[in-house]
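The structure file input_33.pdb is reproduced below (PDB, C-alpha atoms).
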```pdb
MODEL        1
ATOM      1  CA  ASN Y   1      14.823  13.242   6.287
ATOM      2  CA  ALA Y   2      11.090  13.846   6.555
ATOM      3  CA  GLY Y   3      10.318  11.045   4.080
ATOM      4  CA  VAL Y   4       6.893  11.518   2.540
ATOM      5  CA  THR Y   5       4.708  14.315   3.855
ATOM      6  CA  GLN Y   6       1.116  15.166   3.015
ATOM      7  CA  THR Y   7      -0.762  18.413   3.392
ATOM      8  CA  PRO Y   8      -3.373  18.811   4.843
ATOM      9  CA  LYS Y   9      -3.978  16.010   7.352
ATOM     10  CA  PHE Y  10      -7.723  16.603   7.555
ATOM     11  CA  ARG Y  11     -10.201  18.486   5.397
ATOM     12  CA  VAL Y  12     -13.939  18.872   5.183
ATOM     13  CA  LEU Y  13     -15.454  20.042   1.908
ATOM     14  CA  LYS Y  14     -18.918  20.758   0.685
ATOM     15  CA  THR Y  15     -20.149  19.072  -2.474
ATOM     16  CA  GLY Y  16     -18.892  20.954  -5.510
ATOM     17  CA  GLN Y  17     -15.929  22.577  -3.812
ATOM     18  CA  SER Y  18     -12.430  22.065  -5.103
ATOM     19  CA  MET Y  19      -9.181  21.383  -3.332
ATOM     20  CA  THR Y  20      -5.620  20.230  -3.857
ATOM     21  CA  LEU Y  21      -3.721  17.711  -1.771
ATOM     22  CA  LEU Y  22       0.027  18.122  -1.701
ATOM     23  CA  CYS Y  23       2.518  15.303  -1.407
ATOM     24  CA  ALA Y  24       6.196  15.977  -0.956
ATOM     25  CA  GLN Y  25       9.130  13.582  -0.692
ATOM     26  CA  ASP Y  26      12.760  14.294   0.080
ATOM     27  CA  MET Y  27      14.236  10.941  -0.979
ATOM     28  CA  ASN Y  28      14.839  11.912  -4.614
ATOM     29  CA  HIS Y  29      12.414   9.198  -5.710
ATOM     30  CA  GLU Y  30      11.332   8.980  -9.323
ATOM     31  CA  TYR Y  31       7.986   7.294  -8.759
ATOM     32  CA  MET Y  32       5.063   8.782  -6.861
ATOM     33  CA  TYR Y  33       1.552   7.489  -6.286
ATOM     34  CA  TRP Y  34      -1.819   8.575  -4.969
ATOM     35  CA  TYR Y  35      -4.117   5.995  -3.368
ATOM     36  CA  ARG Y  36      -7.439   6.134  -1.669
ATOM     37  CA  GLN Y  37      -8.398   3.818   1.150
ATOM     38  CA  ASP Y  38     -11.999   2.977   1.862
ATOM     39  CA  PRO Y  39     -13.371   0.427   4.373
ATOM     40  CA  GLY Y  40     -13.204  -3.075   2.962
ATOM     41  CA  MET Y  41     -11.639  -1.909  -0.304
ATOM     42  CA  GLY Y  42      -7.974  -1.851   0.576
ATOM     43  CA  LEU Y  43      -5.765   0.611  -1.253
ATOM     44  CA  ARG Y  44      -6.807   1.668  -4.719
ATOM     45  CA  LEU Y  45      -4.492   3.535  -7.028
ATOM     46  CA  ILE Y  46      -5.839   6.841  -8.329
ATOM     47  CA  HIS Y  47      -2.950   8.256 -10.388
ATOM     48  CA  TYR Y  48       0.772   7.833 -10.439
ATOM     49  CA  SER Y  49       3.874   9.386 -11.910
ATOM     50  CA  VAL Y  50       7.064   7.756 -13.164
ATOM     51  CA  GLY Y  51       9.021  10.999 -13.232
ATOM     52  CA  GLU Y  52       8.872  14.759 -13.267
ATOM     53  CA  GLY Y  53       6.371  16.004 -15.824
ATOM     54  CA  THR Y  54       4.669  12.618 -16.270
ATOM     55  CA  THR Y  55       1.389  11.268 -14.941
ATOM     56  CA  ALA Y  56      -0.705   8.169 -15.587
ATOM     57  CA  LYS Y  57      -4.107   6.867 -14.592
ATOM     58  CA  GLY Y  58      -4.534   4.185 -11.999
ATOM     59  CA  GLU Y  59      -7.507   2.050 -11.090
ATOM     60  CA  VAL Y  60      -9.913   4.819  -9.996
ATOM     61  CA  PRO Y  61      -8.893   8.088 -11.728
ATOM     62  CA  ASP Y  62     -12.314   9.616 -12.394
ATOM     63  CA  GLY Y  63     -12.954  12.898 -10.605
ATOM     64  CA  TYR Y  64      -9.266  13.516  -9.872
ATOM     65  CA  ASN Y  65      -6.419  15.262 -11.611
ATOM     66  CA  VAL Y  66      -2.721  15.267 -10.791
ATOM     67  CA  SER Y  67       0.398  17.190 -11.625
ATOM     68  CA  ARG Y  68       4.112  16.517 -11.135
ATOM     69  CA  LEU Y  69       5.808  19.783 -11.998
ATOM     70  CA  LYS Y  70       8.680  19.146  -9.629
ATOM     71  CA  LYS Y  71      10.285  15.803  -8.895
ATOM     72  CA  GLN Y  72       9.693  16.092  -5.180
ATOM     73  CA  ASN Y  73       6.020  17.085  -5.350
ATOM     74  CA  PHE Y  74       2.911  15.290  -6.533
ATOM     75  CA  LEU Y  75      -0.394  17.155  -6.370
ATOM     76  CA  LEU Y  76      -3.839  15.577  -6.345
ATOM     77  CA  GLY Y  77      -6.753  17.810  -7.309
ATOM     78  CA  LEU Y  78     -10.472  17.461  -6.872
ATOM     79  CA  GLU Y  79     -12.217  19.919  -9.177
ATOM     80  CA  SER Y  80     -15.768  19.352  -7.929
ATOM     81  CA  ALA Y  81     -15.858  17.237  -4.815
ATOM     82  CA  ALA Y  82     -18.557  14.601  -4.365
ATOM     83  CA  PRO Y  83     -19.558  12.632  -1.254
ATOM     84  CA  SER Y  84     -18.211   9.486  -2.955
ATOM     85  CA  GLN Y  85     -14.762  11.016  -2.648
ATOM     86  CA  THR Y  86     -14.910  10.900   1.129
ATOM     87  CA  SER Y  87     -11.908   8.739   1.911
ATOM     88  CA  VAL Y  88      -8.415   8.590   3.336
ATOM     89  CA  TYR Y  89      -5.839   9.536   0.735
ATOM     90  CA  PHE Y  90      -2.301   8.229   0.834
ATOM     91  CA  CYS Y  91       0.660   9.357  -1.153
ATOM     92  CA  ALA Y  92       3.640   7.074  -1.714
ATOM     93  CA  SER Y  93       6.982   7.207  -3.451
ATOM     94  CA  SER Y  94       9.597   4.705  -4.567
ATOM     95  CA  GLY Y  95      13.035   4.807  -6.083
ATOM     96  CA  THR Y  96      12.057   2.485  -8.889
ATOM     97  CA  SER Y  97       8.823   0.835  -9.796
ATOM     98  CA  ASP Y  98       8.981  -2.823  -9.117
ATOM     99  CA  TYR Y  99      11.423  -4.180  -6.637
ATOM    100  CA  ASN Y 100      11.711  -1.126  -4.460
ATOM    101  CA  GLU Y 101       9.173  -0.811  -1.760
ATOM    102  CA  GLN Y 102       6.905   2.196  -1.646
ATOM    103  CA  PHE Y 103       7.216   4.655   1.210
ATOM    104  CA  PHE Y 104       3.923   6.108   2.374
ATOM    105  CA  GLY Y 105       2.881   9.440   3.768
ATOM    106  CA  PRO Y 106       0.698   9.733   6.878
ATOM    107  CA  GLY Y 107      -2.538  10.158   4.930
ATOM    108  CA  THR Y 108      -5.176  12.852   4.483
ATOM    109  CA  ARG Y 109      -8.671  12.263   5.790
ATOM    110  CA  LEU Y 110     -11.150  13.997   3.486
ATOM    111  CA  THR Y 111     -14.847  14.322   4.167
ATOM    112  CA  VAL Y 112     -17.198  15.660   1.521
ATOM    113  CA  LEU Y 113     -20.595  16.737   2.828
TER     114      LEU Y 113
ATOM    115  CA  ALA J   1      -4.233  -9.572 -14.963
ATOM    116  CA  GLN J   2      -2.618  -9.414 -11.591
ATOM    117  CA  LYS J   3      -4.603  -9.995  -8.457
ATOM    118  CA  VAL J   4      -3.992 -10.360  -4.737
ATOM    119  CA  THR J   5      -6.518 -12.104  -2.530
ATOM    120  CA  GLN J   6      -6.566 -11.896   1.229
ATOM    121  CA  ALA J   7      -9.526 -14.059   2.078
ATOM    122  CA  GLN J   8      -9.415 -13.323   5.793
ATOM    123  CA  THR J   9     -11.023  -9.935   6.297
ATOM    124  CA  GLU J  10     -10.741  -9.974  10.085
ATOM    125  CA  ILE J  11      -9.037 -12.257  12.616
ATOM    126  CA  SER J  12      -9.056 -12.177  16.404
ATOM    127  CA  VAL J  13      -6.661 -14.161  18.553
ATOM    128  CA  VAL J  14      -5.658 -14.072  22.168
ATOM    129  CA  GLU J  15      -2.265 -12.662  23.002
ATOM    130  CA  LYS J  16       0.608 -15.146  22.763
ATOM    131  CA  GLU J  17      -1.179 -17.280  20.207
ATOM    132  CA  ASP J  18       0.361 -17.797  16.777
ATOM    133  CA  VAL J  19      -1.548 -16.452  13.809
ATOM    134  CA  THR J  20      -1.123 -16.839  10.051
ATOM    135  CA  LEU J  21      -2.363 -14.327   7.524
ATOM    136  CA  ASP J  22      -3.037 -15.784   4.104
ATOM    137  CA  CYS J  23      -2.170 -14.202   0.779
ATOM    138  CA  VAL J  24      -2.849 -15.726  -2.624
ATOM    139  CA  TYR J  25      -1.761 -13.997  -5.787
ATOM    140  CA  GLU J  26      -2.275 -14.276  -9.533
ATOM    141  CA  THR J  27       0.167 -13.141 -12.164
ATOM    142  CA  ARG J  28       1.358 -14.172 -15.616
ATOM    143  CA  ASP J  29       4.803 -12.733 -15.013
ATOM    144  CA  THR J  30       7.639 -15.126 -14.303
ATOM    145  CA  THR J  31       9.478 -12.420 -12.434
ATOM    146  CA  TYR J  32       7.550 -10.553  -9.813
ATOM    147  CA  TYR J  33       7.771  -9.146  -6.325
ATOM    148  CA  LEU J  34       5.632  -9.698  -3.274
ATOM    149  CA  PHE J  35       5.289  -7.381  -0.310
ATOM    150  CA  TRP J  36       3.691  -7.186   3.092
ATOM    151  CA  TYR J  37       2.735  -3.891   4.718
ATOM    152  CA  LYS J  38       1.384  -3.170   8.186
ATOM    153  CA  GLN J  39      -1.099  -0.416   9.002
ATOM    154  CA  PRO J  40      -1.372   0.080  12.769
ATOM    155  CA  PRO J  41      -4.275   2.024  14.321
ATOM    156  CA  SER J  42      -2.292   5.239  13.893
ATOM    157  CA  GLY J  43      -2.873   4.890  10.162
ATOM    158  CA  GLU J  44       0.547   4.993   8.537
ATOM    159  CA  LEU J  45       1.611   2.141   6.256
ATOM    160  CA  VAL J  46       4.812   0.406   7.228
ATOM    161  CA  PHE J  47       6.804  -1.799   4.879
ATOM    162  CA  LEU J  48       7.563  -5.227   6.339
ATOM    163  CA  ILE J  49       9.109  -7.390   3.645
ATOM    164  CA  ARG J  50       9.796  -7.783  -0.068
ATOM    165  CA  ARG J  51      10.336 -11.132  -1.759
ATOM    166  CA  ASN J  52      11.206 -11.751  -5.404
ATOM    167  CA  SER J  53       9.824 -14.671  -7.319
ATOM    168  CA  PHE J  54      13.171 -16.424  -7.624
ATOM    169  CA  ASP J  55      13.691 -16.647  -3.905
ATOM    170  CA  GLU J  56      11.417 -19.198  -2.300
ATOM    171  CA  GLN J  57      13.422 -19.407   0.867
ATOM    172  CA  ASN J  58      11.308 -18.707   3.904
ATOM    173  CA  GLU J  59      12.278 -15.691   5.941
ATOM    174  CA  ILE J  60      12.162 -15.126   9.660
ATOM    175  CA  SER J  61      12.522 -11.806  11.418
ATOM    176  CA  GLY J  62      12.013 -12.079  15.141
ATOM    177  CA  ARG J  63       8.430 -13.175  15.737
ATOM    178  CA  TYR J  64       7.548 -12.672  12.071
ATOM    179  CA  SER J  65       7.974 -15.276   9.376
ATOM    180  CA  TRP J  66       6.948 -15.528   5.771
ATOM    181  CA  ASN J  67       6.237 -18.637   3.730
ATOM    182  CA  PHE J  68       6.449 -18.201  -0.035
ATOM    183  CA  GLN J  69       5.209 -21.096  -2.164
ATOM    184  CA  LYS J  70       5.126 -20.614  -5.921
ATOM    185  CA  SER J  71       3.353 -23.946  -6.403
ATOM    186  CA  THR J  72       0.287 -22.611  -4.617
ATOM    187  CA  SER J  73       0.845 -18.915  -5.462
ATOM    188  CA  SER J  74       0.828 -18.047  -1.808
ATOM    189  CA  PHE J  75       2.858 -15.741   0.383
ATOM    190  CA  ASN J  76       1.637 -16.262   3.922
ATOM    191  CA  PHE J  77       2.672 -14.298   6.977
ATOM    192  CA  THR J  78       2.895 -15.813  10.447
ATOM    193  CA  ILE J  79       3.216 -13.971  13.734
ATOM    194  CA  THR J  80       4.484 -16.164  16.541
ATOM    195  CA  ALA J  81       3.559 -15.415  20.147
ATOM    196  CA  SER J  82       1.373 -12.503  19.116
ATOM    197  CA  GLN J  83       1.325  -9.294  21.102
ATOM    198  CA  VAL J  84      -1.268  -6.548  21.434
ATOM    199  CA  VAL J  85       1.030  -4.231  19.455
ATOM    200  CA  ASP J  86       0.597  -6.540  16.482
ATOM    201  CA  SER J  87      -2.994  -5.396  16.159
ATOM    202  CA  ALA J  88      -3.205  -3.754  12.756
ATOM    203  CA  VAL J  89      -4.394  -4.147   9.206
ATOM    204  CA  TYR J  90      -1.950  -6.143   7.127
ATOM    205  CA  PHE J  91      -1.731  -5.800   3.370
ATOM    206  CA  CYS J  92      -0.180  -8.203   0.917
ATOM    207  CA  ALA J  93       0.887  -6.713  -2.423
ATOM    208  CA  LEU J  94       2.259  -7.778  -5.807
ATOM    209  CA  SER J  95       4.290  -6.054  -8.498
ATOM    210  CA  GLY J  96       5.259  -7.491 -11.843
ATOM    211  CA  TYR J  97       8.683  -7.182 -13.379
ATOM    212  CA  ARG J  98       9.157  -3.697 -14.777
ATOM    213  CA  ASP J  99       5.640  -2.840 -13.689
ATOM    214  CA  ASP J 100       5.016   0.721 -12.595
ATOM    215  CA  LYS J 101       2.461  -0.234 -10.001
ATOM    216  CA  ILE J 102       1.913  -2.393  -6.942
ATOM    217  CA  ILE J 103      -1.387  -4.208  -6.601
ATOM    218  CA  PHE J 104      -2.632  -4.421  -3.025
ATOM    219  CA  GLY J 105      -4.934  -6.950  -1.468
ATOM    220  CA  LYS J 106      -7.877  -5.686   0.531
ATOM    221  CA  GLY J 107      -6.131  -6.320   3.793
ATOM    222  CA  THR J 108      -6.673  -8.448   6.878
ATOM    223  CA  ARG J 109      -7.572  -6.711  10.131
ATOM    224  CA  LEU J 110      -5.861  -8.488  13.008
ATOM    225  CA  HIS J 111      -7.057  -8.062  16.585
ATOM    226  CA  ILE J 112      -4.810  -9.330  19.347
ATOM    227  CA  LEU J 113      -6.851  -9.622  22.514
ATOM    228  CA  PRO J 114      -5.113  -9.222  25.893
TER     229      PRO J 114
ENDMDL
END
```
If you convert what's in this file into structure tokens, what do you get?
Amino acid sequence: NAGVTQTPKFRVLKTGQSMTLLCAQDMNHEYMYWYRQDPGMGLRLIHYSVGEGTTAKGEVPDGYNVSRLKKQNFLLGLESAAPSQTSVYFCASSGTSDYNEQFFGPGTRLTVL
Amino acid sequence: AQKVTQAQTEISVVEKEDVTLDCVYETRDTTYYLFWYKQPPSGELVFLIRRNSFDEQNEISGRYSWNFQKSTSSFNFTITASQVVDSAVYFCALSGYRDDKIIFGKGTRLHILP
């Protein structure tokens, strides 16, 4: 089992460019999450999904869109990247929402110039 | 609203010393779950422990121990005889019953000095 994988691992964008981050999990988990991690801010939830075809906003959703067309994949899109979106992005999945721990991917380091 | 506070942003101790990482939480739920995660310098987040609100028994796993006290809304993490490999950022987290999300604290960066 690969667990949770993220593509790409690193990316540099120019302001205004768009990109999609891919998260894939092979644990048949229902719940998937996208976080961003910034220095001193901990992990902040961007969007999440409680099942295939569903998405919901987290704490900091502005400037991002997501899609969960397949149960195993959760895509995070930036339509027009801004320097404020420079961050490390983590994807996570869990079997259920509350008592099951979340399993994290290795992260994607994104720099927006 | 749920909240997790890790007041210690950064701690440095000398190897072999004991160190306690504090975690204070706020929730209106009577059933909830608490977690600790470790983020070593390599960057991945590693699950350490989950505790439900009905189980206040302290837990020990090797050099790690956790003290859960509902009376003070705290879930503290102690590393005994610290080692350099314990250097990491540690996150405390909270999830309410039937909640879709986990709320993370801002983390405590632990430096173990050789």
(request) Pull out every residue that the PyMOL selection byres ((chain J) within 7 of (chain Y)) matches in the shown coordinates and put them as a VMD selection string. (result) chain J and resid 33 43 to 45 95 to 101 104 to 107
Would you kindly identify which residues have an atom no farther than 12 Å from (3.8, 0.5, 14.1), using only C-alpha atoms and the file's own coordinates, and write them out as a PDB file with C-alpha atoms, in the frame of the given file?
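In the end it all went to part-v2.pdb:
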```pdb
ATOM      1  CA  TYR J  37       2.735  -3.891   4.718  1.00  0.00           C
ATOM      2  CA  LYS J  38       1.384  -3.170   8.186  1.00  0.00           C
ATOM      3  CA  GLN J  39      -1.099  -0.416   9.002  1.00  0.00           C
ATOM      4  CA  PRO J  40      -1.372   0.080  12.769  1.00  0.00           C
ATOM      5  CA  PRO J  41      -4.275   2.024  14.321  1.00  0.00           C
ATOM      6  CA  SER J  42      -2.292   5.239  13.893  1.00  0.00           C
ATOM      7  CA  GLY J  43      -2.873   4.890  10.162  1.00  0.00           C
ATOM      8  CA  GLU J  44       0.547   4.993   8.537  1.00  0.00           C
ATOM      9  CA  LEU J  45       1.611   2.141   6.256  1.00  0.00           C
ATOM     10  CA  VAL J  46       4.812   0.406   7.228  1.00  0.00           C
ATOM     11  CA  PHE J  47       6.804  -1.799   4.879  1.00  0.00           C
ATOM     12  CA  LEU J  48       7.563  -5.227   6.339  1.00  0.00           C
ATOM     13  CA  VAL J  84      -1.268  -6.548  21.434  1.00  0.00           C
ATOM     14  CA  VAL J  85       1.030  -4.231  19.455  1.00  0.00           C
ATOM     15  CA  ASP J  86       0.597  -6.540  16.482  1.00  0.00           C
ATOM     16  CA  SER J  87      -2.994  -5.396  16.159  1.00  0.00           C
ATOM     17  CA  ALA J  88      -3.205  -3.754  12.756  1.00  0.00           C
ATOM     18  CA  VAL J  89      -4.394  -4.147   9.206  1.00  0.00           C
ATOM     19  CA  TYR J  90      -1.950  -6.143   7.127  1.00  0.00           C
TER      20      TYR J  90
END
```
(request) Run through the PyMOL selection byres ((chain Y and resi 3) around 6) on the given coordinates and return the selected residues as a list of chain:residue names. (result)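 On this input, the PyMOL selection byres ((chain Y and resi 3) around 6) captures Y:Asn1, Y:Ala2, Y:Val4, Y:Gln25, Y:Asp26.
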(request) Might you spell out which residues the PyMOL selection byres ((chain Y and resi 86) around 12) would select in the displayed file, as a ChimeraX atom specification? (result) /Y:10-15,36-39,78,81-85,87-89,108-113
(request) Select, counting all atoms listed in the file, all protein, DNA and RNA residues no farther than 8 Å from (-3.4, -15.3, -9.8) in file coordinates, and express the selection as a PyMOL selection string. (result) chain J and resi 1-4+24-28+73
(message) If we count all atoms listed in the file and set the cut-off at 6 Å, which residues sit around Ile79 of chain J, ignoring sequence neighbours fewer than 5 positions away in its own chain? Please answer as a ChimeraX atom specification.
(response) /J:18-19,63-64
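Taking atom CA of Lys57 of chain Y as the reference point, atom CA of Ala7 of chain J is found at 27.3 Å.
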Provide an axis-aligned box for all listed atoms of segment 60-77 of chain J, padding each side by 6 Å; report its centre and its edge lengths in Å to one decimal, as JSON.
```
{"center_x": 6.4, "center_y": -17.9, "center_z": 4.7, "size_x": 24.2, "size_y": 24.1, "size_z": 34.1}
```
(request) Mind giving me the straight-line distance from atom CA of Leu22 of chain Y to atom CA of Thr5 of chain Y in Å, one decimal? (result)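 Those two atoms sit 8.2 Å apart.
Atom CA of Leu34 of chain J sits 16.4 Å away from atom CA of Ser61 of chain J.
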(message) My list of candidates is Y:Trp34, Y:Cys23, Y:Gly95, Y:Thr54. Which is closest to Phe74 of chain Y when distances are computed with all atoms listed in the file?
(response)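 Smallest distance to Phe74 of chain Y is found for Y:Cys23.
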(request) Do a neighbour search on Asp55 of chain J at 12 Å with all atoms listed in the file, toss out local chain neighbours closer than 4 positions, and write the hits as a list in words. (result)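 Near neighbours after the sequence-gap exclusion: Thr31, Tyr32, Tyr33, Leu34, Arg50, Arg51, Glu59, Trp66, Asn67, Phe68, Gln69, Lys70 and Phe75 of chain J.
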(request) Pick out the closest residue to Thr72 of chain J from this set: J:Cys23, J:Thr9, J:Asn58, J:Glu15. Count all atoms listed in the file. (result)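 Smallest separation from Thr72 of chain J among the options: J:Cys23.
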(request) Measuring atom to atom with only C-alpha atoms, identify which of J:Ile49, J:Ile103, J:Ala81, J:Ile60 is nearest to Lys16 of chain J. (result)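 Among the listed residues, J:Ala81 lies closest to Lys16 of chain J.
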